[in-house]
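Taking it in order: structure first as structure tokens, then the write-up.
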Amino acid sequence: MRAVVWHGIGDIRLDEVPEPTIQHPEDAIVRITRSAICGTDLHFVRGTMAPMEEGTILGHEAVGVVTEVGDAVRGFSAGDRVVINSTISCGACRYCRMGKTAQCDVANPNGPDAGTSFFGGPQSTGPVNGLQAEYVRVPYARNTMHPLPENVSDEQAILLSDIFPTGWFGAELAGVTRGDVVVVFGAGIVGQFAAASAYKLGAARVIVVDGDETRLAAALAQHCEVVDYNREDPVQAIKDLTNGIGADAVIDAVGVDAERPKRGPAAVSDEDAAAFDAEVQQVAPDASPDGFGDLEQWKPGDGPSQVAQWAVASVAKYGRIGIIGVYGPTAERYPIGQAMNKNLTIRMGNCDHHSVTPPLIDLVASGQFDPTALITEHEPIGDAIAAYEAFDRREPGWVKVELEATR
């Protein structure tokens with residue numbers, strides 16, 4: 001079968017690999033009908049999340065049809081149509097019983113202290129082969145998959161595998177409640193769903209900050225207020241929009257691959273640029289982008305802590321920050337002193353998919369929210385590498401890439 005395989009930083013290939021088999025009684029095998037490329041996948045190719053294990057299949061979002069289940073799998077059978085959670089959880093440990101499935105004590109083969117186990121990730125997460133393939137093995141299938149209603153299409157469901165739940169989780173982490181003014185940093189697909197989730201949770205206003213005009217246009221289509229950080233200072237703009245108070249809640253949907261502003265009043269000084277460059281070297285020491293200037297491929301973001309700084313500066317005193325943008329273990333710079341001085345509450349982490357996703361499936365099935373407008377590219381898995389390259393270059397309009405995993 002075909003699969004997108006990581007061979008090294010800046011080196012991914014569409015390979016022919018063996019089809020997966022049941023390895024444990026709690027496994028299931030799923031034939032993939034839709035998968036997707038996520039910004040998190042780019043971290044692994046750019047080198048901002050390491051170390052990876054060569055030969056790992058990438059991808060952590062998928063929809064498909066069960067073809068086989070292990071002897072211990074109850075509640076699923078061959079022929080069931082399912083959405084696969086990005087994070088893997090056993091369903092029986094203490095954390096799973098609390099609904100905090102991202103920190104399952106059992107799923108990660110590196111042990112309970114290793115943290116989240118998810119598909120297609122670095123060594124610290126398993127590694128477990130990912131979902132950008134034609135068939136996949138799903139560990140702990142009873143807790144890592146959800147059945148899909150007939151009236152939820154594959155195209156809708158692919159966004160329920162990770163992106164919509166993660167955006168919702170970000171709004172929950174930020175404690176969004178009725179009447180809040182919410183700022184979302186990042187107008188990529190996670191930021192778009194964080195904004196939509198904030199509105200669903202009662203936010204009165206949602207302000208979205210990004211430097212890409214097409215992404216800001218997508219946020220504007222959701223009736224968000226938008227701020228282009230290459231045209232205005234985002235912190236000052238947020239202050240101006242909130243009578244000098246700042247936002248009640250901020251969602252960081254960017255993480256370590258943030259881009260610093262290149263022009264306008266927020267453009268960084270030479271001193272700050274040098275500090276950011278040192279951060280990049282720390283978080284991605286083995287990065288090896290190809291090309292030059294704006295045409296570079298697999299280039300890490302050049303402002304790893306930029307959004308962290310803006311978030312703390314733009315939230316009101318006693319405000320709340322939810323971080324769902326990915327920061328790797330080597331990212332150590334955070335404005336902790338400023339945050340403490342403002343009495344901020346800061347929460348972060350990977351989405352508890354198993355407990356967050358079911359109500360969102362119901363939301364889509366009932367027609368209250370259709371996520372498909374935010375899928376901008378539809379590509380066959382045979383064109384996956386070219387799609388990765390275009391998505392990595394942040395080409396205009398490339399917000400979310402869906403892959404059809406069929407021959």
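Each chain in the structure tokens gets a letter, A, B and so on, in the order shown; residues start at 1 in every chain, and ligands are counted from 1 in the order they appear.
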List the spatial neighbours of stretch 391-394 of chain A as a ChimeraX atom specification - criterion: any atom at most 7 Å away, only C-alpha atoms, same-chain residues fewer than 6 positions off excluded.
/A:42,297-298
Same residues, N, CA and C atoms, output as a short mmCIF file (atom, residue, chain, number, x, y, z; two decimals), in the first residue's frame:
data_model
loop_
_atom_site.label_atom_id
_atom_site.label_comp_id
_atom_site.auth_asym_id
_atom_site.auth_seq_id
_atom_site.Cartn_x
_atom_site.Cartn_y
_atom_site.Cartn_z
N LEU A 42 4.06 19.29 9.66
CA LEU A 42 5.18 20.08 9.15
C LEU A 42 6.28 20.25 10.19
N GLN A 297 12.10 25.80 1.37
CA GLN A 297 11.22 24.69 1.70
C GLN A 297 11.64 24.09 3.02
N TRP A 298 10.65 23.75 3.88
CA TRP A 298 10.89 23.14 5.18
C TRP A 298 11.62 24.10 6.13
#
DSSP helix (DSSP H, G or I) residues within stretch 262-351 of chain A, as number ranges by chain:
A: 270-283, 293-295, 306-314, 336-341
Take the selection from the previous step and output its residues with N, CA and C atoms, as a CSV table (one decimal), in the first residue's frame.
chain,number,residue,atom,x,y,z
A,270,ASP,N,16.7,44.7,15.3
A,270,ASP,CA,17.8,43.8,15.0
A,270,ASP,C,18.1,43.0,16.2
A,271,GLU,N,18.0,43.6,17.4
A,271,GLU,CA,18.3,42.9,18.6
A,271,GLU,C,17.3,41.7,18.9
A,272,ASP,N,16.0,42.0,18.7
A,272,ASP,CA,15.0,41.0,18.9
A,272,ASP,C,15.1,39.9,17.8
A,273,ALA,N,15.5,40.3,16.6
A,273,ALA,CA,15.6,39.4,15.5
A,273,ALA,C,16.8,38.4,15.8
A,274,ALA,N,17.9,38.9,16.4
A,274,ALA,CA,19.0,38.0,16.8
A,274,ALA,C,18.5,37.1,17.9
A,275,ALA,N,17.7,37.5,18.8
A,275,ALA,CA,17.2,36.7,19.9
A,275,ALA,C,16.3,35.6,19.3
A,276,PHE,N,15.5,35.9,18.4
A,276,PHE,CA,14.6,34.9,17.7
A,276,PHE,C,15.5,33.9,17.0
A,277,ASP,N,16.5,34.4,16.3
A,277,ASP,CA,17.3,33.5,15.5
A,277,ASP,C,18.0,32.5,16.4
A,278,ALA,N,18.4,32.9,17.6
A,278,ALA,CA,19.0,32.0,18.6
A,278,ALA,C,18.0,31.0,19.1
A,279,GLU,N,16.7,31.4,19.2
A,279,GLU,CA,15.6,30.5,19.6
A,279,GLU,C,15.5,29.4,18.5
A,280,VAL,N,15.4,29.8,17.3
A,280,VAL,CA,15.3,28.9,16.2
A,280,VAL,C,16.4,27.8,16.2
A,281,GLN,N,17.6,28.3,16.5
A,281,GLN,CA,18.7,27.3,16.5
A,281,GLN,C,18.5,26.3,17.7
A,282,GLN,N,17.9,26.8,18.8
A,282,GLN,CA,17.6,25.9,19.9
A,282,GLN,C,16.5,24.9,19.7
A,283,VAL,N,15.4,25.4,19.0
A,283,VAL,CA,14.3,24.5,18.9
A,283,VAL,C,14.4,23.6,17.6
A,293,GLY,N,15.6,32.6,0.6
A,293,GLY,CA,14.6,33.6,0.8
A,293,GLY,C,13.2,33.1,1.0
A,294,ASP,N,12.2,33.7,0.4
A,294,ASP,CA,10.8,33.3,0.5
A,294,ASP,C,10.5,31.9,-0.1
A,295,LEU,N,11.4,31.4,-0.9
A,295,LEU,CA,11.2,30.2,-1.6
A,295,LEU,C,11.8,29.0,-0.8
A,306,GLN,N,7.2,34.4,19.5
A,306,GLN,CA,6.5,35.6,19.2
A,306,GLN,C,5.0,35.6,19.7
A,307,VAL,N,4.3,34.6,19.4
A,307,VAL,CA,2.9,34.6,19.8
A,307,VAL,C,2.8,34.5,21.3
A,308,ALA,N,3.7,33.7,22.0
A,308,ALA,CA,3.6,33.7,23.5
A,308,ALA,C,3.8,35.1,24.0
A,309,GLN,N,4.7,35.9,23.5
A,309,GLN,CA,4.8,37.3,24.0
A,309,GLN,C,3.6,38.1,23.7
A,310,TRP,N,3.1,38.0,22.5
A,310,TRP,CA,1.9,38.8,22.1
A,310,TRP,C,0.7,38.4,23.0
A,311,ALA,N,0.5,37.1,23.3
A,311,ALA,CA,-0.6,36.6,24.0
A,311,ALA,C,-0.6,37.3,25.4
A,312,VAL,N,0.5,37.2,26.1
A,312,VAL,CA,0.6,37.7,27.4
A,312,VAL,C,0.4,39.3,27.4
A,313,ALA,N,0.9,39.9,26.4
A,313,ALA,CA,0.8,41.4,26.4
A,313,ALA,C,-0.6,41.9,26.1
A,314,SER,N,-1.4,41.1,25.3
A,314,SER,CA,-2.7,41.5,24.8
A,314,SER,C,-3.9,41.1,25.7
A,336,ILE,N,7.2,34.6,31.5
A,336,ILE,CA,6.5,34.1,32.8
A,336,ILE,C,6.4,35.3,33.8
A,337,GLY,N,7.4,36.2,33.8
A,337,GLY,CA,7.3,37.3,34.8
A,337,GLY,C,6.2,38.2,34.5
A,338,GLN,N,6.0,38.6,33.2
A,338,GLN,CA,4.9,39.4,32.8
A,338,GLN,C,3.5,38.8,33.1
A,339,ALA,N,3.5,37.5,32.8
A,339,ALA,CA,2.2,36.7,33.1
A,339,ALA,C,1.9,36.7,34.5
A,340,MET,N,2.9,36.5,35.4
A,340,MET,CA,2.6,36.5,36.8
A,340,MET,C,2.2,37.9,37.3
A,341,ASN,N,2.8,38.9,36.7
A,341,ASN,CA,2.5,40.3,37.2
A,341,ASN,C,1.0,40.7,36.8
Distance criterion (only C-alpha atoms): nearest to A:Asp233 out of A:Val268, A:Leu360, A:Ala171, A:Ala204
A:Val268
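Coordinates place atom CA of A:Val83 at a distance of 16.9 Å from atom CA of A:Gly167.
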Just list the residues in stretch 203-314 of chain A DSSP gives strand (DSSP E) on the backbone, as number ranges by chain.
A: 205-210, 225-228, 247-252
